[in-house]
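Just coords.pdb here, PDB, C-alpha atoms and all ligand atoms:
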```pdb
ATOM      1  CA  MET Y 253     -29.130  -2.199 -20.827
ATOM      2  CA  GLU Y 254     -32.331  -4.282 -20.980
ATOM      3  CA  PHE Y 255     -32.215  -7.447 -18.894
ATOM      4  CA  SER Y 256     -34.409 -10.484 -19.423
ATOM      5  CA  SER Y 257     -33.887 -11.495 -15.797
ATOM      6  CA  LYS Y 258     -33.882  -9.601 -12.513
ATOM      7  CA  LEU Y 259     -31.321 -12.068 -11.110
ATOM      8  CA  LEU Y 260     -29.000 -11.387 -14.027
ATOM      9  CA  GLU Y 261     -29.466  -7.637 -13.621
ATOM     10  CA  ASN Y 262     -28.648  -7.778  -9.897
ATOM     11  CA  ALA Y 263     -25.506  -9.840 -10.484
ATOM     12  CA  VAL Y 264     -24.323  -7.480 -13.238
ATOM     13  CA  ASN Y 265     -25.012  -4.429 -11.073
ATOM     14  CA  GLU Y 266     -22.979  -5.816  -8.176
ATOM     15  CA  VAL Y 267     -19.999  -6.788 -10.342
ATOM     16  CA  SER Y 268     -20.059  -3.434 -12.150
ATOM     17  CA  MET Y 269     -19.605  -1.658  -8.793
ATOM     18  CA  LEU Y 270     -15.951  -2.757  -8.924
ATOM     19  CA  PRO Y 271     -13.485  -0.135 -10.195
ATOM     20  CA  GLY Y 272     -12.658  -0.432 -13.884
ATOM     21  CA  ILE Y 273     -15.543  -2.806 -14.578
ATOM     22  CA  GLY Y 274     -18.314  -1.408 -16.768
ATOM     23  CA  LYS Y 275     -21.749  -2.949 -17.313
ATOM     24  CA  ARG Y 276     -20.640  -4.773 -20.481
ATOM     25  CA  THR Y 277     -17.621  -6.375 -18.809
ATOM     26  CA  ALA Y 278     -19.759  -7.264 -15.798
ATOM     27  CA  LEU Y 279     -22.270  -8.982 -18.076
ATOM     28  CA  ARG Y 280     -19.498 -10.943 -19.785
ATOM     29  CA  LEU Y 281     -18.065 -12.080 -16.409
ATOM     30  CA  VAL Y 282     -21.436 -13.097 -15.018
ATOM     31  CA  LEU Y 283     -22.352 -15.056 -18.166
ATOM     32  CA  HIS Y 284     -18.927 -16.702 -18.036
ATOM     33  CA  LEU Y 285     -19.640 -17.905 -14.493
ATOM     34  CA  LEU Y 286     -22.989 -19.261 -15.647
ATOM     35  CA  ARG Y 287     -21.231 -21.446 -18.226
ATOM     36  CA  GLN Y 288     -18.813 -22.834 -15.600
ATOM     37  CA  PRO Y 289     -19.660 -25.478 -12.985
ATOM     38  CA  ASP Y 290     -21.512 -23.866 -10.052
ATOM     39  CA  THR Y 291     -18.619 -24.783  -7.739
ATOM     40  CA  GLN Y 292     -16.559 -22.042  -9.354
ATOM     41  CA  THR Y 293     -19.039 -19.346  -8.311
ATOM     42  CA  GLU Y 294     -19.213 -20.864  -4.830
ATOM     43  CA  GLN Y 295     -15.427 -20.799  -4.479
ATOM     44  CA  LEU Y 296     -15.260 -17.210  -5.727
ATOM     45  CA  ALA Y 297     -17.957 -16.054  -3.321
ATOM     46  CA  GLU Y 298     -16.389 -17.979  -0.449
ATOM     47  CA  ALA Y 299     -12.881 -16.617  -1.109
ATOM     48  CA  LEU Y 300     -14.206 -13.038  -1.150
ATOM     49  CA  MET Y 301     -16.278 -13.523   2.018
ATOM     50  CA  LYS Y 302     -13.404 -15.191   3.855
ATOM     51  CA  PHE Y 303     -11.027 -12.439   2.757
ATOM     52  CA  ARG Y 304     -13.415  -9.717   3.899
ATOM     53  CA  ASN Y 305     -14.301 -11.335   7.226
ATOM     54  CA  GLU Y 306     -10.965 -12.740   8.321
ATOM     55  CA  ILE Y 307      -8.362 -10.313   6.995
ATOM     56  CA  LYS Y 308      -6.411  -8.362   9.616
ATOM     57  CA  LEU Y 309      -4.081  -5.422   9.636
ATOM     58  CA  CYS Y 310      -0.682  -6.165  11.187
ATOM     59  CA  GLN Y 311      -0.607  -4.603  14.650
ATOM     60  CA  SER Y 312       2.899  -3.289  14.035
ATOM     61  CA  CYS Y 313       3.168  -2.209  10.382
ATOM     62  CA  HIS Y 314      -0.553  -2.121   9.399
ATOM     63  CA  ASN Y 315       0.056  -4.305   6.362
ATOM     64  CA  ILE Y 316      -2.705  -6.697   5.333
ATOM     65  CA  SER Y 317      -2.141  -9.987   7.137
ATOM     66  CA  ASP Y 318      -3.818 -13.265   8.092
ATOM     67  CA  VAL Y 319      -2.474 -13.060  11.633
ATOM     68  CA  ALA Y 320      -1.968 -10.332  14.261
ATOM     69  CA  LEU Y 321       1.705  -9.825  13.405
ATOM     70  CA  CYS Y 322       2.448 -10.081   9.677
ATOM     71  CA  GLU Y 323       5.042 -12.476   8.236
ATOM     72  CA  ILE Y 324       7.491  -9.664   7.507
ATOM     73  CA  CYS Y 325       7.361  -8.183  11.032
ATOM     74  CA  ALA Y 326       7.531 -11.674  12.556
ATOM     75  CA  ASN Y 327      10.646 -12.593  10.546
ATOM     76  CA  THR Y 328      13.629 -12.285  12.911
ATOM     77  CA  ASN Y 329      16.040 -12.192   9.967
ATOM     78  CA  ARG Y 330      14.690  -8.787   8.935
ATOM     79  CA  ASP Y 331      16.329  -5.593  10.139
ATOM     80  CA  GLY Y 332      13.952  -3.798  12.505
ATOM     81  CA  THR Y 333      16.152  -0.684  12.639
ATOM     82  CA  ILE Y 334      15.216   0.382   9.119
ATOM     83  CA  ILE Y 335      11.632   1.045   8.099
ATOM     84  CA  CYS Y 336      10.295   1.718   4.637
ATOM     85  CA  VAL Y 337       7.224   3.985   4.732
ATOM     86  CA  VAL Y 338       4.680   3.163   2.037
ATOM     87  CA  GLU Y 339       1.126   4.018   1.121
ATOM     88  CA  ASP Y 340      -0.481   0.587   0.907
ATOM     89  CA  VAL Y 341      -0.059  -3.167   0.586
ATOM     90  CA  ARG Y 342       0.601  -2.919  -3.165
ATOM     91  CA  ASP Y 343       3.769  -0.965  -2.461
ATOM     92  CA  VAL Y 344       4.931  -3.602   0.036
ATOM     93  CA  MET Y 345       4.368  -6.267  -2.633
ATOM     94  CA  ALA Y 346       6.235  -4.221  -5.258
ATOM     95  CA  ILE Y 347       9.248  -3.589  -3.001
ATOM     96  CA  GLU Y 348       9.322  -7.195  -1.734
ATOM     97  CA  SER Y 349       9.477  -8.427  -5.316
ATOM     98  CA  THR Y 350      12.738  -6.456  -5.840
ATOM     99  CA  ALA Y 351      14.395  -8.564  -3.084
ATOM    100  CA  GLN Y 352      16.567  -5.494  -2.334
ATOM    101  CA  PHE Y 353      15.114  -4.545   1.023
ATOM    102  CA  ARG Y 354      15.571  -6.497   4.261
ATOM    103  CA  GLY Y 355      14.106  -4.018   6.713
ATOM    104  CA  LEU Y 356      10.501  -3.640   7.860
ATOM    105  CA  TYR Y 357       7.621  -1.571   6.499
ATOM    106  CA  HIS Y 358       5.103   0.893   7.796
ATOM    107  CA  VAL Y 359       1.878   1.083   5.797
ATOM    108  CA  LEU Y 360       0.252   4.516   6.085
ATOM    109  CA  GLY Y 361      -3.045   3.548   4.479
ATOM    110  CA  GLY Y 362      -2.978   6.497   2.066
ATOM    111  CA  LYS Y 363      -1.480   9.947   1.645
ATOM    112  CA  ILE Y 364      -2.381  13.295   3.159
ATOM    113  CA  SER Y 365      -4.801  14.801   0.656
ATOM    114  CA  PRO Y 366      -6.916  17.759   1.781
ATOM    115  CA  MET Y 367      -8.769  17.617  -1.565
ATOM    116  CA  ASP Y 368     -10.037  14.138  -0.693
ATOM    117  CA  GLY Y 369     -10.562  15.007   2.958
ATOM    118  CA  ILE Y 370      -7.663  12.816   4.121
ATOM    119  CA  GLY Y 371      -5.717  14.352   6.996
ATOM    120  CA  PRO Y 372      -2.753  13.036   9.012
ATOM    121  CA  HIS Y 373      -5.086  11.487  11.600
ATOM    122  CA  ASP Y 374      -6.767   9.315   8.982
ATOM    123  CA  LEU Y 375      -3.417   7.599   8.405
ATOM    124  CA  THR Y 376      -1.180   5.520  10.677
ATOM    125  CA  ILE Y 377       1.324   8.356  11.178
ATOM    126  CA  GLU Y 378       0.904   8.501  14.963
ATOM    127  CA  SER Y 379       1.880   4.872  15.395
ATOM    128  CA  LEU Y 380       4.902   5.406  13.133
ATOM    129  CA  VAL Y 381       6.063   8.409  15.180
ATOM    130  CA  ARG Y 382       5.521   6.427  18.382
ATOM    131  CA  LYS Y 383       7.564   3.532  16.975
ATOM    132  CA  VAL Y 384      10.437   5.870  16.109
ATOM    133  CA  LYS Y 385      10.342   7.568  19.511
ATOM    134  CA  GLU Y 386      10.592   4.180  21.212
ATOM    135  CA  GLY Y 387      14.145   4.238  19.889
ATOM    136  CA  GLU Y 388      14.688   0.983  17.935
ATOM    137  CA  VAL Y 389      14.445   2.605  14.505
ATOM    138  CA  LYS Y 390      17.595   4.150  12.998
ATOM    139  CA  GLU Y 391      16.390   4.999   9.503
ATOM    140  CA  LEU Y 392      13.103   5.718   7.739
ATOM    141  CA  ILE Y 393      12.921   5.424   3.969
ATOM    142  CA  PHE Y 394      10.045   7.369   2.456
ATOM    143  CA  ALA Y 395       8.764   5.407  -0.541
ATOM    144  CA  LEU Y 396       5.577   7.264  -1.378
ATOM    145  CA  SER Y 397       4.803   8.172  -4.969
ATOM    146  CA  SER Y 398       6.318  11.499  -5.990
ATOM    147  CA  THR Y 399       3.093  13.445  -6.182
ATOM    148  CA  ILE Y 400       2.202  16.596  -4.250
ATOM    149  CA  GLU Y 401       0.281  14.415  -1.775
ATOM    150  CA  GLY Y 402       3.264  12.072  -1.381
ATOM    151  CA  ASP Y 403       5.644  14.986  -0.794
ATOM    152  CA  THR Y 404       3.240  16.609   1.677
ATOM    153  CA  THR Y 405       2.995  13.355   3.627
ATOM    154  CA  ASN Y 406       6.781  12.865   3.699
ATOM    155  CA  PHE Y 407       7.264  16.424   4.939
ATOM    156  CA  TYR Y 408       4.590  16.101   7.612
ATOM    157  CA  ILE Y 409       6.207  12.945   9.004
ATOM    158  CA  TYR Y 410       9.655  14.531   8.773
ATOM    159  CA  LYS Y 411       8.461  17.490  10.859
ATOM    160  CA  GLN Y 412       6.877  15.158  13.419
ATOM    161  CA  LEU Y 413      10.261  13.504  13.906
ATOM    162  CA  GLU Y 414      12.207  16.680  14.627
ATOM    163  CA  GLY Y 415      14.247  16.236  17.767
ATOM    164  CA  THR Y 416      14.738  12.495  17.239
ATOM    165  CA  ASP Y 417      17.997  11.250  15.756
ATOM    166  CA  VAL Y 418      16.362   8.965  13.197
ATOM    167  CA  LYS Y 419      17.843   9.248   9.715
ATOM    168  CA  THR Y 420      15.304   9.970   6.961
ATOM    169  CA  SER Y 421      15.793   9.233   3.281
ATOM    170  CA  THR Y 422      13.669   9.054   0.139
ATOM    171  CA  ILE Y 423      13.961   6.483  -2.598
ATOM    172  CA  ALA Y 424      15.974   7.849  -5.510
ATOM    173  CA  ARG Y 425      13.716   9.376  -8.110
ATOM    174  CA  GLY Y 426      14.585   7.148 -11.038
ATOM    175  CA  ILE Y 427      10.834   6.844 -11.007
ATOM    176  CA  ALA Y 428       9.201   9.665 -12.947
ATOM    177  CA  VAL Y 429       7.249  12.255 -10.991
ATOM    178  CA  GLY Y 430       3.662  11.166 -10.493
ATOM    179  CA  ASP Y 431       4.367   7.491 -11.189
ATOM    180  CA  GLU Y 432       2.768   5.140  -8.765
ATOM    181  CA  LEU Y 433       5.217   2.792  -7.080
ATOM    182  CA  GLU Y 434       3.439  -0.391  -8.030
ATOM    183  CA  TYR Y 435       3.975   0.329 -11.715
ATOM    184  CA  ALA Y 436       7.734   0.821 -11.479
ATOM    185  CA  ASP Y 437       9.684  -2.134 -12.831
ATOM    186  CA  GLU Y 438      11.512  -4.246 -10.268
ATOM    187  CA  VAL Y 439      15.032  -3.294 -11.352
ATOM    188  CA  THR Y 440      14.314   0.458 -11.263
ATOM    189  CA  LEU Y 441      12.532   0.195  -7.947
ATOM    190  CA  GLY Y 442      15.261  -1.982  -6.426
ATOM    191  CA  ARG Y 443      17.931   0.459  -7.555
ATOM    192  CA  SER Y 444      15.989   3.438  -6.233
ATOM    193  CA  ILE Y 445      15.970   1.881  -2.758
ATOM    194  CA  ILE Y 446      19.708   1.175  -2.815
ATOM    195  CA  ASN Y 447      20.451   4.678  -4.150
ATOM    196  CA  ARG Y 448      18.173   6.433  -1.696
ATOM    197  CA  VAL Y 449      19.051   9.999  -0.796
ATOM    198  CA  PRO Y 450      18.846  11.874   2.522
ATOM    199  CA  PHE Y 451      15.416  13.479   2.840
ATOM    200  CA  GLU Y 452      16.995  16.930   3.408
ATOM    201  CA  ASN Y 453      18.483  16.753  -0.112
ATOM    202  CA  SER Y 454      15.092  16.218  -1.675
ATOM    203  CA  LEU Y 455      13.863  19.361   0.098
ATOM    204  CA  LYS Y 456      16.633  21.452  -1.475
ATOM    205  CA  THR Y 457      15.963  20.267  -5.025
ATOM    206  CA  SER Y 458      12.213  20.728  -4.896
TER
HETATM  207 ZN    ZN Y 501       3.757  -6.172   9.952
END
```
Show me the file's structure as structure tokens.
Amino acid sequence: MEFSSKLLENAVNEVSMLPGIGKRTALRLVLHLLRQPDTQTEQLAEALMKFRNEIKLCQSCHNISDVALCEICANTNRDGTIICVVEDVRDVMAIESTAQFRGLYHVLGGKISPMDGIGPHDLTIESLVRKVKEGEVKELIFALSSTIEGDTTNFYIYKQLEGTDVKTSTIARGIAVGDELEYADEVTLGRSIINRVPFENSLKTS
């Protein structure tokens, strides 16, 4: 791509670093901004900078939050004895939108994936195990995507919890194998939480 301006080229290069955005799309977005009032670019840049600089991870569930303890963990109407284990904030958003779950979450920050160099210690598994061993939690619902990495992660956590009397379950697999949670429709996802099955059962069938 031949640019008539170094400034244009730099802007396009930066925008095209984003996943799913090629050079052509980046050029279209940048030229769009140029046609808008300059306040729009300022607001975009400011929102991104503020997000990056001020965002926190909830000290309890590790969800993305504006404050030290996220809104869900801070809500006393939620049931702290049941925790839904998810990969990232997108899963929390997907499950919240079903309005079928009134417990709390634990955000792992990924899945165990030796291929990508992600081991158990790169995730928030230790703090989850600690939370369970403190004794408040009665049930964990594993809601990771049903991929090999998701299953490996579930099993690792399950093994870590041996000797505790916490109940473990997985969301019912109405969701096809390999589907990412965030893409499941709300009704299917809501139903799969209600119809969750004991984790031991999922071990027998797989
Ligand atoms: Zn939280």
(message) Can you pull out every residue with an atom within 10 Å of ligand ZN 501 (chain Y)? Use all atoms listed in the file and format it as a PyMOL selection string.
(response) chain Y and resi 309-317+319-327+356-359
(message) Show me, as a ChimeraX atom specification, the residues that have an atom within 9 Å of Ile445 in chain Y when counting only C-alpha atoms, minus same-chain residues fewer than 3 positions from it.
(response) /Y:347,352-353,393,395,422-424,440-442,448-449
Would you mind exporting C-alpha atoms of the selected residues as a PDB file, in the coordinates of the input?
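File written: out08.pdb
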```pdb
ATOM      1  CA  ILE Y 347       9.248  -3.589  -3.001  1.00  0.00           C
ATOM      2  CA  GLN Y 352      16.567  -5.494  -2.334  1.00  0.00           C
ATOM      3  CA  PHE Y 353      15.114  -4.545   1.023  1.00  0.00           C
ATOM      4  CA  ILE Y 393      12.921   5.424   3.969  1.00  0.00           C
ATOM      5  CA  ALA Y 395       8.764   5.407  -0.541  1.00  0.00           C
ATOM      6  CA  THR Y 422      13.669   9.054   0.139  1.00  0.00           C
ATOM      7  CA  ILE Y 423      13.961   6.483  -2.598  1.00  0.00           C
ATOM      8  CA  ALA Y 424      15.974   7.849  -5.510  1.00  0.00           C
ATOM      9  CA  THR Y 440      14.314   0.458 -11.263  1.00  0.00           C
ATOM     10  CA  LEU Y 441      12.532   0.195  -7.947  1.00  0.00           C
ATOM     11  CA  GLY Y 442      15.261  -1.982  -6.426  1.00  0.00           C
ATOM     12  CA  ARG Y 448      18.173   6.433  -1.696  1.00  0.00           C
ATOM     13  CA  VAL Y 449      19.051   9.999  -0.796  1.00  0.00           C
TER      14      VAL Y 449
END
```
I would like the residues chosen by the PyMOL selection byres (((chain Y and resi 413) around 12) and not hetatm) on the shown file; could you give them as a PDB file with C-alpha atoms, in the frame of the given file?
```pdb
ATOM      1  CA  ILE Y 377       1.324   8.356  11.178  1.00  0.00           C
ATOM      2  CA  GLU Y 378       0.904   8.501  14.963  1.00  0.00           C
ATOM      3  CA  LEU Y 380       4.902   5.406  13.133  1.00  0.00           C
ATOM      4  CA  VAL Y 381       6.063   8.409  15.180  1.00  0.00           C
ATOM      5  CA  ARG Y 382       5.521   6.427  18.382  1.00  0.00           C
ATOM      6  CA  LYS Y 383       7.564   3.532  16.975  1.00  0.00           C
ATOM      7  CA  VAL Y 384      10.437   5.870  16.109  1.00  0.00           C
ATOM      8  CA  LYS Y 385      10.342   7.568  19.511  1.00  0.00           C
ATOM      9  CA  GLU Y 386      10.592   4.180  21.212  1.00  0.00           C
ATOM     10  CA  GLY Y 387      14.145   4.238  19.889  1.00  0.00           C
ATOM     11  CA  VAL Y 389      14.445   2.605  14.505  1.00  0.00           C
ATOM     12  CA  LYS Y 390      17.595   4.150  12.998  1.00  0.00           C
ATOM     13  CA  GLU Y 391      16.390   4.999   9.503  1.00  0.00           C
ATOM     14  CA  LEU Y 392      13.103   5.718   7.739  1.00  0.00           C
ATOM     15  CA  ASN Y 406       6.781  12.865   3.699  1.00  0.00           C
ATOM     16  CA  PHE Y 407       7.264  16.424   4.939  1.00  0.00           C
ATOM     17  CA  TYR Y 408       4.590  16.101   7.612  1.00  0.00           C
ATOM     18  CA  ILE Y 409       6.207  12.945   9.004  1.00  0.00           C
ATOM     19  CA  TYR Y 410       9.655  14.531   8.773  1.00  0.00           C
ATOM     20  CA  LYS Y 411       8.461  17.490  10.859  1.00  0.00           C
ATOM     21  CA  GLN Y 412       6.877  15.158  13.419  1.00  0.00           C
ATOM     22  CA  GLU Y 414      12.207  16.680  14.627  1.00  0.00           C
ATOM     23  CA  GLY Y 415      14.247  16.236  17.767  1.00  0.00           C
ATOM     24  CA  THR Y 416      14.738  12.495  17.239  1.00  0.00           C
ATOM     25  CA  ASP Y 417      17.997  11.250  15.756  1.00  0.00           C
ATOM     26  CA  VAL Y 418      16.362   8.965  13.197  1.00  0.00           C
ATOM     27  CA  LYS Y 419      17.843   9.248   9.715  1.00  0.00           C
ATOM     28  CA  THR Y 420      15.304   9.970   6.961  1.00  0.00           C
TER      29      THR Y 420
END
```
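CA of Met345 in chain Y is found 16.5 Å from CA of Ile307 in chain Y.
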(message) Starting from the PyMOL selection byres (((chain Y and resi 280-290) around 10) and not hetatm), expand the selection into actual residues of this file and give them as an MDAnalysis selection string.
(response) chainID Y and resid 260:261 263:264 267:268 273 275:279 291:296
If the box runs along x, y and z of the file and leaves 4 Å on each side of range 329-347 of chain Y, what are its centre and edge lengths in Å, one decimal, as AutoDock Vina command-line options?
```
--center_x 7.9 --center_y -4.1 --center_z 3.7 --size_x 24.8 --size_y 24.2 --size_z 25.9
```
(request) Give me the result of the PyMOL selection byres (((chain Y and resi 375) around 7) and not hetatm) on this file, residue by residue, as a list in words. (result)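 So the PyMOL selection byres (((chain Y and resi 375) around 7) and not hetatm) ends up selecting Leu360, Gly361, Gly362, Pro372, His373, Asp374, Thr376 and Ile377 of chain Y.
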(message) For a test of reading the model, state the distance in Å between CA of Met269 in chain Y and CA of Ser365 in chain Y, rounded to one decimal.
(response)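 Calculated distance between CA of Met269 in chain Y and CA of Ser365 in chain Y is 24.1 Å.
In this model, the gap between CA of Ala351 in chain Y and CA of Arg304 in chain Y comes to 28.7 Å.
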